$ cat final.cif   # mmCIF, C-alpha atoms
data_coords
#
loop_
_atom_site.label_atom_id
_atom_site.label_comp_id
_atom_site.auth_asym_id
_atom_site.auth_seq_id
_atom_site.Cartn_x
_atom_site.Cartn_y
_atom_site.Cartn_z
CA MET O 1 -68.12 94.44 82.58
CA ARG O 2 -67.58 97.97 81.36
CA GLY O 3 -69.68 100.23 79.17
CA ILE O 4 -69.66 103.77 77.82
CA ALA O 5 -72.63 105.99 76.93
CA TRP O 6 -71.92 109.31 75.25
CA ASN O 7 -73.94 111.95 73.45
CA CYS O 8 -71.05 112.93 71.19
CA ARG O 9 -72.95 115.73 69.39
CA GLY O 10 -71.79 114.59 65.97
CA LEU O 11 -68.83 112.61 64.69
CA GLY O 12 -68.12 114.75 61.66
CA HIS O 13 -64.94 116.23 63.09
CA THR O 14 -61.61 114.45 63.32
CA SER O 15 -61.05 115.77 66.86
CA THR O 16 -64.25 114.11 68.11
CA VAL O 17 -63.31 110.80 66.50
CA GLN O 18 -59.85 111.00 68.08
CA GLU O 19 -61.39 111.75 71.46
CA LEU O 20 -63.68 108.73 71.06
CA LYS O 21 -60.73 106.48 70.26
CA SER O 22 -58.83 107.79 73.27
CA LEU O 23 -61.85 107.20 75.51
CA ILE O 24 -62.20 103.62 74.29
CA ARG O 25 -58.52 102.88 74.78
CA SER O 26 -58.43 104.32 78.30
CA ARG O 27 -61.69 102.77 79.53
CA ALA O 28 -61.64 99.46 77.61
CA PRO O 29 -65.44 99.07 77.43
CA ASP O 30 -67.25 95.87 76.49
CA PHE O 31 -70.09 97.88 74.96
CA LEU O 32 -70.43 101.41 73.63
CA PHE O 33 -73.55 103.53 73.12
CA LEU O 34 -73.28 106.73 71.08
CA THR O 35 -76.03 109.25 70.38
CA GLU O 36 -76.42 112.20 68.04
CA LEU O 37 -74.10 110.75 65.41
CA LYS O 38 -75.34 113.28 62.82
CA VAL O 39 -73.35 111.50 60.09
CA ASP O 40 -73.42 108.38 57.96
CA ALA O 41 -72.66 105.52 60.35
CA ASN O 42 -70.68 103.38 57.89
CA PRO O 43 -67.30 105.09 58.47
CA LEU O 44 -67.92 104.92 62.23
CA VAL O 45 -68.69 101.21 62.04
CA ARG O 46 -65.36 100.65 60.28
CA ILE O 47 -63.55 102.58 62.99
CA LEU O 48 -65.30 100.62 65.74
CA LYS O 49 -64.45 97.31 64.09
CA SER O 50 -60.79 98.35 64.04
CA LEU O 51 -61.15 98.79 67.82
CA HIS O 52 -62.66 95.27 68.16
CA PHE O 53 -66.34 96.27 68.33
CA TYR O 54 -67.43 93.70 65.77
CA TYR O 55 -71.17 93.81 66.50
CA ASN O 56 -73.55 96.74 66.39
CA ILE O 57 -77.13 97.93 66.08
CA CYS O 58 -77.54 101.31 64.46
CA VAL O 59 -80.54 103.59 63.97
CA PRO O 60 -79.29 106.08 61.36
CA SER O 61 -79.60 109.83 61.64
CA ARG O 62 -82.31 111.69 59.79
CA GLY O 63 -80.44 114.17 57.68
CA ASN O 64 -78.03 115.89 60.04
CA ALA O 65 -80.05 115.13 63.16
CA GLY O 66 -80.02 112.23 65.60
CA GLY O 67 -78.60 108.81 64.99
CA ILE O 68 -77.73 106.21 67.66
CA ILE O 69 -75.54 103.13 67.75
CA LEU O 70 -74.89 100.36 70.25
CA ALA O 71 -71.69 98.41 69.55
CA TRP O 72 -70.10 95.58 71.50
CA LYS O 73 -67.13 93.23 71.56
CA VAL O 74 -66.81 89.47 71.43
CA GLY O 75 -67.79 88.07 74.81
CA PHE O 76 -70.57 90.56 75.46
CA ILE O 77 -73.71 88.66 74.43
CA PHE O 78 -76.65 90.93 73.60
CA GLU O 79 -80.02 90.17 72.01
CA CYS O 80 -81.97 93.18 70.77
CA ILE O 81 -85.66 93.12 71.71
CA SER O 82 -86.78 96.59 70.63
CA CYS O 83 -85.27 99.72 69.11
CA SER O 84 -86.27 103.11 67.75
CA CYS O 85 -84.61 106.46 67.13
CA ASN O 86 -84.71 106.97 70.92
CA HIS O 87 -83.54 103.66 72.36
CA ILE O 88 -81.96 100.24 71.81
CA SER O 89 -83.12 97.63 74.31
CA GLY O 90 -82.35 93.96 74.75
CA ILE O 91 -81.19 91.14 76.98
CA VAL O 92 -77.59 90.68 78.15
CA TYR O 93 -76.68 87.02 78.61
CA SER O 94 -72.96 87.21 79.27
CA ASP O 95 -72.40 88.87 82.64
CA PRO O 96 -73.38 87.06 84.77
CA ALA O 97 -73.96 84.13 82.44
CA SER O 98 -76.35 82.50 84.91
CA HIS O 99 -78.71 85.47 85.16
CA PRO O 100 -79.79 87.48 82.07
CA TRP O 101 -80.71 91.13 82.57
CA PHE O 102 -82.31 93.90 80.53
CA LEU O 103 -80.26 96.76 79.07
CA SER O 104 -81.88 99.87 77.60
CA CYS O 105 -79.63 102.48 76.02
CA VAL O 106 -81.65 105.65 75.60
CA TYR O 107 -81.58 109.00 73.85
CA GLY O 108 -84.65 110.73 75.26
CA PRO O 109 -86.58 113.31 73.24
CA PRO O 110 -86.12 116.91 74.42
CA TYR O 111 -89.66 118.31 74.10
CA LEU O 112 -92.42 117.89 76.68
CA HIS O 113 -95.08 116.26 74.50
CA ALA O 114 -92.57 113.83 72.98
CA LYS O 115 -91.14 113.07 76.43
CA LYS O 116 -94.56 112.09 77.80
CA LYS O 117 -95.28 109.78 74.87
CA PHE O 118 -91.85 108.16 74.72
CA TRP O 119 -91.31 107.43 78.43
CA SER O 120 -94.85 106.19 78.98
CA GLU O 121 -94.51 103.68 76.13
CA PHE O 122 -90.84 102.85 76.59
CA LEU O 123 -91.13 101.82 80.24
CA LYS O 124 -93.74 99.23 79.32
CA ILE O 125 -91.00 97.31 77.48
CA GLY O 126 -89.11 96.80 80.74
CA ASP O 127 -92.35 95.91 82.51
CA ARG O 128 -92.79 92.98 80.13
CA PHE O 129 -89.27 91.70 80.87
CA GLY O 130 -89.82 91.96 84.62
CA GLY O 131 -86.23 91.29 85.69
CA PRO O 132 -83.03 93.22 86.43
CA TRP O 133 -83.01 96.41 84.36
CA LEU O 134 -80.45 99.10 83.57
CA ILE O 135 -81.40 102.26 81.63
CA LEU O 136 -78.32 104.17 80.48
CA GLY O 137 -77.73 107.25 78.37
CA ASP O 138 -78.94 110.78 77.66
CA THR O 139 -82.40 110.76 79.22
CA ASN O 140 -83.00 114.46 78.54
CA PHE O 141 -84.75 114.96 81.87
CA VAL O 142 -83.96 115.67 85.51
CA LEU O 143 -85.85 114.24 88.47
CA ASN O 144 -85.61 117.31 90.68
CA ALA O 145 -84.74 120.98 90.40
CA SER O 146 -81.46 120.50 92.31
CA LYS O 147 -80.07 118.67 89.27
CA ARG O 148 -79.99 121.93 87.30
CA GLU O 149 -77.82 125.00 87.72
CA GLY O 150 -78.52 128.33 86.06
CA SER O 151 -82.00 127.38 84.87
CA SER O 152 -85.02 129.07 86.39
CA GLY O 153 -88.68 128.16 86.19
CA ARG O 154 -90.68 125.04 86.89
CA ASP O 155 -90.13 121.90 84.84
CA PRO O 156 -93.60 120.35 84.27
CA PHE O 157 -92.08 116.98 83.33
CA ILE O 158 -90.49 116.36 86.75
CA PRO O 159 -93.67 115.15 88.54
CA ILE O 160 -94.63 113.02 85.51
CA ILE O 161 -91.32 111.19 85.19
CA SER O 162 -90.91 110.93 88.97
CA ASN O 163 -94.21 109.09 89.19
CA LEU O 164 -93.25 106.77 86.31
CA MET O 165 -89.93 105.95 88.00
CA ASP O 166 -91.45 105.44 91.45
CA THR O 167 -94.11 103.02 90.25
CA ARG O 168 -91.37 100.80 88.82
CA GLY O 169 -88.92 101.12 91.68
CA LEU O 170 -86.26 102.73 89.49
CA ILE O 171 -83.51 104.70 91.19
CA ILE O 172 -80.66 106.86 89.90
CA MET O 173 -77.16 105.43 90.06
CA SER O 174 -74.61 107.62 91.81
CA ILE O 175 -71.98 109.19 89.57
CA GLN O 176 -68.33 109.66 90.46
CA GLY O 177 -67.27 113.02 89.07
CA ASP O 178 -69.51 115.86 87.93
CA ASN O 179 -73.09 114.57 87.82
CA LEU O 180 -74.24 117.70 85.96
CA THR O 181 -73.25 116.04 82.73
CA TRP O 182 -74.63 118.60 80.27
CA ASP O 183 -73.12 122.08 80.00
CA ASN O 184 -74.16 124.69 77.44
CA HIS O 185 -70.71 126.33 77.73
CA ARG O 186 -72.14 129.83 77.83
CA SER O 187 -70.98 132.52 80.21
CA GLY O 188 -72.61 134.56 82.94
CA ARG O 189 -76.36 134.33 83.44
CA LEU O 190 -76.74 132.21 80.30
CA HIS O 191 -74.62 129.40 81.74
CA VAL O 192 -76.71 126.25 82.40
CA LYS O 193 -75.65 122.80 83.64
CA SER O 194 -77.96 119.85 84.07
CA ALA O 195 -77.92 116.14 84.99
CA LEU O 196 -79.33 114.87 81.69
CA ASP O 197 -77.12 111.78 81.34
CA LYS O 198 -77.67 109.07 83.91
CA GLY O 199 -78.18 105.45 84.80
CA LEU O 200 -81.49 104.18 86.19
CA VAL O 201 -81.72 100.74 87.77
CA ASN O 202 -84.16 98.61 89.70
CA GLY O 203 -83.42 96.64 92.86
CA ALA O 204 -82.97 93.37 91.01
CA TRP O 205 -80.15 94.84 88.91
CA LEU O 206 -78.45 96.25 92.00
CA ASN O 207 -78.57 92.79 93.56
CA LEU O 208 -76.66 91.47 90.55
CA PHE O 209 -74.11 94.30 90.61
CA PRO O 210 -73.96 95.73 94.14
CA ARG O 211 -70.58 97.43 93.52
CA ALA O 212 -71.52 99.03 90.18
CA ILE O 213 -70.74 102.71 89.67
CA LEU O 214 -70.89 105.33 86.93
CA CYS O 215 -68.06 107.75 86.26
CA SER O 216 -68.39 110.97 84.27
CA THR O 217 -65.45 111.93 82.09
CA GLN O 218 -64.25 115.31 80.87
CA THR O 219 -64.69 116.06 77.17
CA SER O 220 -63.68 118.90 74.88
CA ASN O 221 -65.78 118.08 71.82
CA SER O 222 -69.31 117.76 73.18
CA ASP O 223 -71.60 119.53 75.61
CA HIS O 224 -72.29 116.14 77.24
CA ARG O 225 -69.87 114.24 79.45
CA PRO O 226 -69.40 110.53 78.65
CA LEU O 227 -70.65 108.09 81.28
CA CYS O 228 -68.51 105.04 82.04
CA LEU O 229 -70.13 102.02 83.69
CA LEU O 230 -68.01 99.80 85.94
CA SER O 231 -70.11 96.84 87.07
CA ASP O 232 -67.49 95.63 89.57
CA GLY O 233 -66.73 99.06 90.99
CA PRO O 234 -63.46 100.99 90.62
CA ALA O 235 -60.30 99.01 90.04
CA THR O 236 -58.38 98.29 93.22
CA LYS O 237 -55.03 100.04 93.33
CA VAL O 238 -52.25 97.73 94.47
CA LYS O 239 -49.64 99.44 96.63
CA ARG O 240 -46.19 98.73 95.26
CA PHE O 241 -43.38 98.46 97.83
CA PHE O 242 -39.93 99.79 97.09
CA LYS O 243 -37.30 97.13 96.49
CA PHE O 244 -33.59 97.76 96.06
CA GLU O 245 -32.08 96.06 93.02
CA GLU O 246 -28.44 95.07 93.53
CA GLY O 247 -27.84 95.42 89.80
CA TRP O 248 -28.28 99.19 90.11
CA THR O 249 -24.88 99.40 91.85
CA ARG O 250 -23.16 98.25 88.65
CA ASP O 251 -24.39 101.35 86.84
CA PRO O 252 -21.94 104.23 87.52
CA ARG O 253 -24.81 106.68 87.39
CA SER O 254 -26.12 105.24 90.68
CA ASN O 255 -23.34 107.05 92.60
CA LEU O 256 -24.62 110.37 91.25
CA VAL O 257 -28.24 109.53 92.14
CA VAL O 258 -27.33 108.64 95.74
CA ALA O 259 -25.09 111.70 96.15
CA ASN O 260 -27.82 114.05 94.91
CA ALA O 261 -30.40 112.38 97.17
CA TRP O 262 -28.22 112.93 100.25
CA LYS O 263 -27.58 116.56 99.30
CA SER O 264 -31.32 117.24 98.96
CA VAL O 265 -31.96 116.58 102.67
CA ASN O 266 -30.58 118.42 105.71
CA HIS O 267 -29.05 115.97 108.19
CA ASN O 268 -28.63 117.13 111.80
#
$ encode --input "final.cif" --output "C-alpha coordinates"
Amino acid sequence: MRGIAWNCRGLGHTSTVQELKSLIRSRAPDFLFLTELKVDANPLVRILKSLHFYYNICVPSRGNAGGIILAWKVGFIFECISCSCNHISGIVYSDPASHPWFLSCVYGPPYLHAKKKFWSEFLKIGDRFGGPWLILGDTNFVLNASKREGSSGRDPFIPIISNLMDTRGLIIMSIQGDNLTWDNHRSGRLHVKSALDKGLVNGAWLNLFPRAILCSTQTSNSDHRPLCLLSDGPATKVKRFFKFEEGWTRDPRSNLVVANAWKSVNHN
(Lines of atoms letter the chains of each structure in order from A and count residues from 1; the text may use other names and numbers.)
(Lines give C-alpha, C1' and ligand atoms only; values in the text may rest on other atoms or scores of the structure.)
Protein backbone atom coordinates (compact mmCIF):
# COMPACT_ATOMS: atom_id res chain seq x y z
CA MET A 1 0.00 0.00 0.00
CA ARG A 2 1.19 3.47 -0.88
CA GLY A 3 -0.16 6.90 -0.01
CA ILE A 4 0.71 10.55 -0.51
CA ALA A 5 -0.10 13.51 1.75
CA TRP A 6 0.72 16.99 0.48
CA ASN A 7 -0.11 20.54 1.49
CA CYS A 8 0.02 21.82 -2.08
CA ARG A 9 -0.67 25.47 -1.17
CA GLY A 10 -3.24 25.88 -3.91
CA LEU A 11 -3.90 24.15 -7.22
CA GLY A 12 -4.69 27.26 -9.21
CA HIS A 13 -1.45 27.15 -11.20
CA THR A 14 -0.74 24.80 -14.07
CA SER A 15 2.78 24.11 -12.75
CA THR A 16 1.41 22.81 -9.45
CA VAL A 17 -1.08 20.54 -11.23
CA GLN A 18 1.71 19.21 -13.45
CA GLU A 19 3.88 18.58 -10.41
CA LEU A 20 1.01 16.70 -8.77
CA LYS A 21 0.56 14.52 -11.85
CA SER A 22 4.28 13.79 -11.95
CA LEU A 23 4.27 12.87 -8.25
CA ILE A 24 1.35 10.48 -8.74
CA ARG A 25 2.96 8.81 -11.74
CA SER A 26 6.31 8.34 -10.01
CA ARG A 27 4.96 7.15 -6.65
CA ALA A 28 1.86 5.23 -7.81
CA PRO A 29 -0.15 5.82 -4.61
CA ASP A 30 -3.31 3.93 -3.67
CA PHE A 31 -4.64 6.99 -1.85
CA LEU A 32 -3.92 10.70 -2.02
CA PHE A 33 -4.57 13.43 0.55
CA LEU A 34 -4.27 17.07 -0.51
CA THR A 35 -4.69 20.15 1.66
CA GLU A 36 -5.03 23.86 1.00
CA LEU A 37 -6.68 23.37 -2.38
CA LYS A 38 -7.80 27.04 -2.44
CA VAL A 39 -9.84 26.38 -5.60
CA ASP A 40 -13.05 24.75 -6.74
CA ALA A 41 -12.45 21.01 -6.39
CA ASN A 42 -14.49 19.93 -9.42
CA PRO A 43 -11.68 20.38 -11.99
CA LEU A 44 -9.29 18.58 -9.61
CA VAL A 45 -11.71 15.67 -9.23
CA ARG A 46 -11.82 15.30 -13.02
CA ILE A 47 -8.03 15.27 -13.16
CA LEU A 48 -7.82 12.67 -10.39
CA LYS A 49 -10.37 10.44 -12.12
CA SER A 50 -8.24 10.56 -15.26
CA LEU A 51 -5.41 9.22 -13.07
CA HIS A 52 -7.67 6.39 -11.78
CA PHE A 53 -8.66 7.96 -8.45
CA TYR A 54 -12.34 7.22 -8.88
CA TYR A 55 -13.41 7.78 -5.27
CA ASN A 56 -13.02 10.85 -3.11
CA ILE A 57 -14.21 12.79 -0.07
CA CYS A 58 -13.81 16.53 -0.34
CA VAL A 59 -14.31 19.36 2.15
CA PRO A 60 -14.36 22.46 -0.09
CA SER A 61 -12.35 25.59 0.50
CA ARG A 62 -13.92 28.64 2.05
CA GLY A 63 -13.34 31.35 -0.48
CA ASN A 64 -9.66 31.17 -1.33
CA ALA A 65 -8.67 29.48 1.92
CA GLY A 66 -8.39 25.84 2.94
CA GLY A 67 -9.99 22.90 1.23
CA ILE A 68 -9.01 19.23 1.65
CA ILE A 69 -9.58 16.08 -0.38
CA LEU A 70 -8.91 12.39 0.15
CA ALA A 71 -9.02 10.37 -3.08
CA TRP A 72 -8.36 6.68 -3.66
CA LYS A 73 -8.23 4.00 -6.32
CA VAL A 74 -10.14 0.79 -6.86
CA GLY A 75 -8.84 -1.80 -4.43
CA PHE A 76 -8.30 0.62 -1.56
CA ILE A 77 -11.44 0.18 0.57
CA PHE A 78 -12.16 3.14 2.83
CA GLU A 79 -15.21 3.99 4.94
CA CYS A 80 -15.41 7.57 6.19
CA ILE A 81 -16.39 7.87 9.86
CA SER A 82 -15.86 11.59 10.48
CA CYS A 83 -14.67 14.65 8.58
CA SER A 84 -14.34 18.41 8.96
CA CYS A 85 -12.31 21.19 7.38
CA ASN A 86 -9.33 19.84 9.35
CA HIS A 87 -9.48 16.08 8.87
CA ILE A 88 -10.97 13.09 7.06
CA SER A 89 -11.01 9.92 9.15
CA GLY A 90 -12.27 6.42 8.51
CA ILE A 91 -11.59 2.70 8.45
CA VAL A 92 -9.38 0.97 5.87
CA TYR A 93 -10.55 -2.57 5.12
CA SER A 94 -8.32 -3.52 2.21
CA ASP A 95 -4.75 -3.84 3.47
CA PRO A 96 -4.58 -6.18 5.27
CA ALA A 97 -8.06 -7.45 4.47
CA SER A 98 -8.16 -9.48 7.69
CA HIS A 99 -7.48 -6.56 10.02
CA PRO A 100 -9.17 -3.14 9.54
CA TRP A 101 -7.31 -0.07 10.78
CA PHE A 102 -8.06 3.61 11.31
CA LEU A 103 -6.73 6.30 8.95
CA SER A 104 -6.90 10.00 9.81
CA CYS A 105 -5.69 12.48 7.21
CA VAL A 106 -5.24 15.82 8.93
CA TYR A 107 -4.74 19.49 8.18
CA GLY A 108 -4.17 20.97 11.63
CA PRO A 109 -5.15 24.55 12.45
CA PRO A 110 -2.22 26.95 12.82
CA TYR A 111 -3.29 29.07 15.81
CA LEU A 112 -2.85 28.08 19.46
CA HIS A 113 -6.47 28.31 20.62
CA ALA A 114 -7.73 26.42 17.56
CA LYS A 115 -4.97 23.82 17.98
CA LYS A 116 -6.00 23.07 21.57
CA LYS A 117 -9.65 22.66 20.64
CA PHE A 118 -9.09 20.60 17.49
CA TRP A 119 -6.54 18.10 18.81
CA SER A 120 -8.34 17.54 22.09
CA GLU A 121 -11.58 16.70 20.28
CA PHE A 122 -10.05 14.97 17.26
CA LEU A 123 -8.05 12.42 19.25
CA LYS A 124 -11.22 11.22 20.94
CA ILE A 125 -12.36 9.86 17.55
CA GLY A 126 -9.41 7.47 17.48
CA ASP A 127 -10.02 6.57 21.12
CA ARG A 128 -13.48 5.31 20.18
CA PHE A 129 -12.04 3.08 17.42
CA GLY A 130 -9.41 1.65 19.75
CA GLY A 131 -7.39 -0.22 17.12
CA PRO A 132 -4.43 0.38 14.79
CA TRP A 133 -4.27 4.08 13.93
CA LEU A 134 -2.31 6.19 11.46
CA ILE A 135 -2.50 10.01 11.49
CA LEU A 136 -0.98 11.51 8.35
CA GLY A 137 -0.65 15.02 6.96
CA ASP A 138 0.14 18.62 7.85
CA THR A 139 -0.27 18.61 11.62
CA ASN A 140 0.89 22.22 12.00
CA PHE A 141 2.81 21.45 15.19
CA VAL A 142 6.19 20.14 16.32
CA LEU A 143 6.76 17.93 19.34
CA ASN A 144 10.08 19.44 20.38
CA ALA A 145 12.17 22.51 19.67
CA SER A 146 14.77 20.48 17.73
CA LYS A 147 12.22 20.07 14.94
CA ARG A 148 12.52 23.76 14.07
CA GLU A 149 15.37 25.70 12.55
CA GLY A 150 15.60 29.48 12.51
CA SER A 151 12.69 30.00 14.90
CA SER A 152 13.34 31.37 18.37
CA GLY A 153 11.10 31.49 21.40
CA ARG A 154 9.09 28.94 23.33
CA ASP A 155 6.21 27.12 21.68
CA PRO A 156 3.45 26.82 24.34
CA PHE A 157 1.69 24.07 22.38
CA ILE A 158 4.56 21.56 22.64
CA PRO A 159 3.82 20.38 26.22
CA ILE A 160 0.08 20.22 25.46
CA ILE A 161 0.36 18.09 22.33
CA SER A 162 3.16 15.98 23.81
CA ASN A 163 0.90 15.02 26.70
CA LEU A 164 -1.98 14.21 24.33
CA MET A 165 0.30 11.98 22.23
CA ASP A 166 1.87 10.23 25.22
CA THR A 167 -1.45 9.33 26.82
CA ARG A 168 -2.43 7.52 23.62
CA GLY A 169 0.91 5.90 22.91
CA LEU A 170 1.33 7.73 19.61
CA ILE A 171 4.81 8.00 18.14
CA ILE A 172 6.26 9.84 15.15
CA MET A 173 7.18 7.77 12.10
CA SER A 174 10.73 8.24 10.87
CA ILE A 175 11.08 10.08 7.56
CA GLN A 176 13.59 9.27 4.85
CA GLY A 177 14.79 12.56 3.41
CA ASP A 178 14.45 16.00 4.95
CA ASN A 179 12.11 15.74 7.94
CA LEU A 180 11.88 19.54 8.19
CA THR A 181 9.09 19.45 5.66
CA TRP A 182 8.02 23.10 5.79
CA ASP A 183 10.31 25.86 4.52
CA ASN A 184 9.34 29.54 4.31
CA HIS A 185 11.93 30.04 1.53
CA ARG A 186 13.20 33.29 3.00
CA SER A 187 16.85 34.19 3.30
CA GLY A 188 19.18 34.99 6.17
CA ARG A 189 17.76 35.37 9.66
CA LEU A 190 14.21 35.14 8.34
CA HIS A 191 14.72 31.60 7.05
CA VAL A 192 12.65 29.06 9.04
CA LYS A 193 12.22 25.30 8.55
CA SER A 194 9.97 23.08 10.61
CA ALA A 195 8.73 19.48 10.83
CA LEU A 196 5.04 20.28 10.38
CA ASP A 197 4.15 17.32 8.13
CA LYS A 198 4.37 13.91 9.72
CA GLY A 199 2.90 10.52 10.41
CA LEU A 200 1.79 9.50 13.91
CA VAL A 201 1.05 5.86 14.71
CA ASN A 202 0.27 3.66 17.67
CA GLY A 203 1.87 0.32 18.47
CA ALA A 204 -0.99 -1.69 17.00
CA TRP A 205 -0.50 -0.05 13.59
CA LEU A 206 3.24 -0.69 13.70
CA ASN A 207 2.52 -4.35 14.40
CA LEU A 208 0.48 -4.46 11.19
CA PHE A 209 3.13 -2.64 9.15
CA PRO A 210 6.53 -3.14 10.82
CA ARG A 211 8.45 -2.13 7.67
CA ALA A 212 6.43 1.03 6.93
CA ILE A 213 8.32 4.24 6.19
CA LEU A 214 7.62 7.81 5.11
CA CYS A 215 9.65 9.58 2.44
CA SER A 216 9.73 13.34 1.93
CA THR A 217 9.94 14.55 -1.66
CA GLN A 218 11.34 17.75 -3.12
CA THR A 219 8.84 20.25 -4.51
CA SER A 220 9.10 23.53 -6.37
CA ASN A 221 5.51 24.75 -6.09
CA SER A 222 4.77 24.61 -2.37
CA ASP A 223 6.45 25.46 0.91
CA HIS A 224 5.56 21.94 2.13
CA ARG A 225 7.26 18.74 1.02
CA PRO A 226 4.95 15.86 0.02
CA LEU A 227 5.05 12.80 2.27
CA CYS A 228 4.96 9.38 0.63
CA LEU A 229 3.87 6.37 2.69
CA LEU A 230 5.29 2.94 1.84
CA SER A 231 3.65 0.34 4.06
CA ASP A 232 6.00 -2.45 2.95
CA GLY A 233 9.16 -0.37 3.16
CA PRO A 234 11.35 0.74 0.23
CA ALA A 235 11.29 -1.36 -2.90
CA THR A 236 14.09 -3.91 -3.05
CA LYS A 237 16.56 -3.20 -5.82
CA VAL A 238 17.42 -6.31 -7.79
CA LYS A 239 21.04 -6.45 -8.91
CA ARG A 240 21.20 -7.16 -12.62
CA PHE A 241 24.18 -9.22 -13.82
CA PHE A 242 25.86 -8.49 -17.12
CA LYS A 243 25.20 -11.05 -19.84
CA PHE A 244 26.86 -11.11 -23.24
CA GLU A 245 24.43 -11.45 -26.13
CA GLU A 246 25.89 -13.33 -29.10
CA GLY A 247 23.62 -11.38 -31.43
CA TRP A 248 25.62 -8.22 -30.70
CA THR A 249 28.50 -9.61 -32.79
CA ARG A 250 26.33 -9.44 -35.92
CA ASP A 251 26.08 -5.67 -35.58
CA PRO A 252 29.16 -4.08 -37.23
CA ARG A 253 29.07 -1.30 -34.66
CA SER A 254 30.14 -3.81 -31.98
CA ASN A 255 33.71 -3.78 -33.37
CA LEU A 256 33.89 -0.03 -32.74
CA VAL A 257 32.50 -0.39 -29.21
CA VAL A 258 35.07 -3.05 -28.28
CA ALA A 259 37.95 -1.13 -29.86
CA ASN A 260 37.07 2.06 -27.97
CA ALA A 261 36.70 0.11 -24.71
CA TRP A 262 40.20 -1.36 -25.06
CA LYS A 263 41.68 2.05 -25.90
CA SER A 264 40.13 3.61 -22.78
CA VAL A 265 42.21 1.42 -20.43
CA ASN A 266 46.00 1.24 -20.05
CA HIS A 267 47.21 -2.36 -20.28
CA ASN A 268 50.64 -3.19 -18.82
$ resolve_selection --input "final.cif" --expression "the PyMOL selection byres ((chain O and resi 103) around 8)" --output "number ranges by chain"
O: 89-92, 101-102, 104-105, 133-136
$ atom_distance --input "final.cif" --atom1 "CA of Cys8 in chain O" --atom2 "CA of Leu190 in chain O"
22.1 Å
$ closest_residue --input "final.cif" --among "O:Pro100, O:Asp155, O:Asn179, O:Ala204" --to "Glu79 in chain O" --atoms "all atoms listed in the file"
O:Pro100
$ atom_distance --input "final.cif" --atom1 "CA of Pro60 in chain O" --atom2 "CA of Asp30 in chain O"
21.9 Å
$ resolve_selection --input "final.cif" --expression "the PyMOL selection byres ((chain O and resi 156) around 12)" --output "mmCIF file with C-alpha atoms, in the coordinates of the input"
data_model
loop_
_atom_site.group_PDB
_atom_site.id
_atom_site.type_symbol
_atom_site.label_atom_id
_atom_site.label_comp_id
_atom_site.auth_asym_id
_atom_site.auth_seq_id
_atom_site.Cartn_x
_atom_site.Cartn_y
_atom_site.Cartn_z
ATOM 1 C CA TYR O 111 -89.660 118.310 74.100
ATOM 2 C CA LEU O 112 -92.420 117.890 76.680
ATOM 3 C CA HIS O 113 -95.080 116.260 74.500
ATOM 4 C CA LYS O 115 -91.140 113.070 76.430
ATOM 5 C CA LYS O 116 -94.560 112.090 77.800
ATOM 6 C CA PHE O 141 -84.750 114.960 81.870
ATOM 7 C CA VAL O 142 -83.960 115.670 85.510
ATOM 8 C CA LEU O 143 -85.850 114.240 88.470
ATOM 9 C CA ASN O 144 -85.610 117.310 90.680
ATOM 10 C CA ALA O 145 -84.740 120.980 90.400
ATOM 11 C CA GLY O 153 -88.680 128.160 86.190
ATOM 12 C CA ARG O 154 -90.680 125.040 86.890
ATOM 13 C CA ASP O 155 -90.130 121.900 84.840
ATOM 14 C CA PHE O 157 -92.080 116.980 83.330
ATOM 15 C CA ILE O 158 -90.490 116.360 86.750
ATOM 16 C CA PRO O 159 -93.670 115.150 88.540
ATOM 17 C CA ILE O 160 -94.630 113.020 85.510
ATOM 18 C CA ILE O 161 -91.320 111.190 85.190
ATOM 19 C CA SER O 162 -90.910 110.930 88.970
#
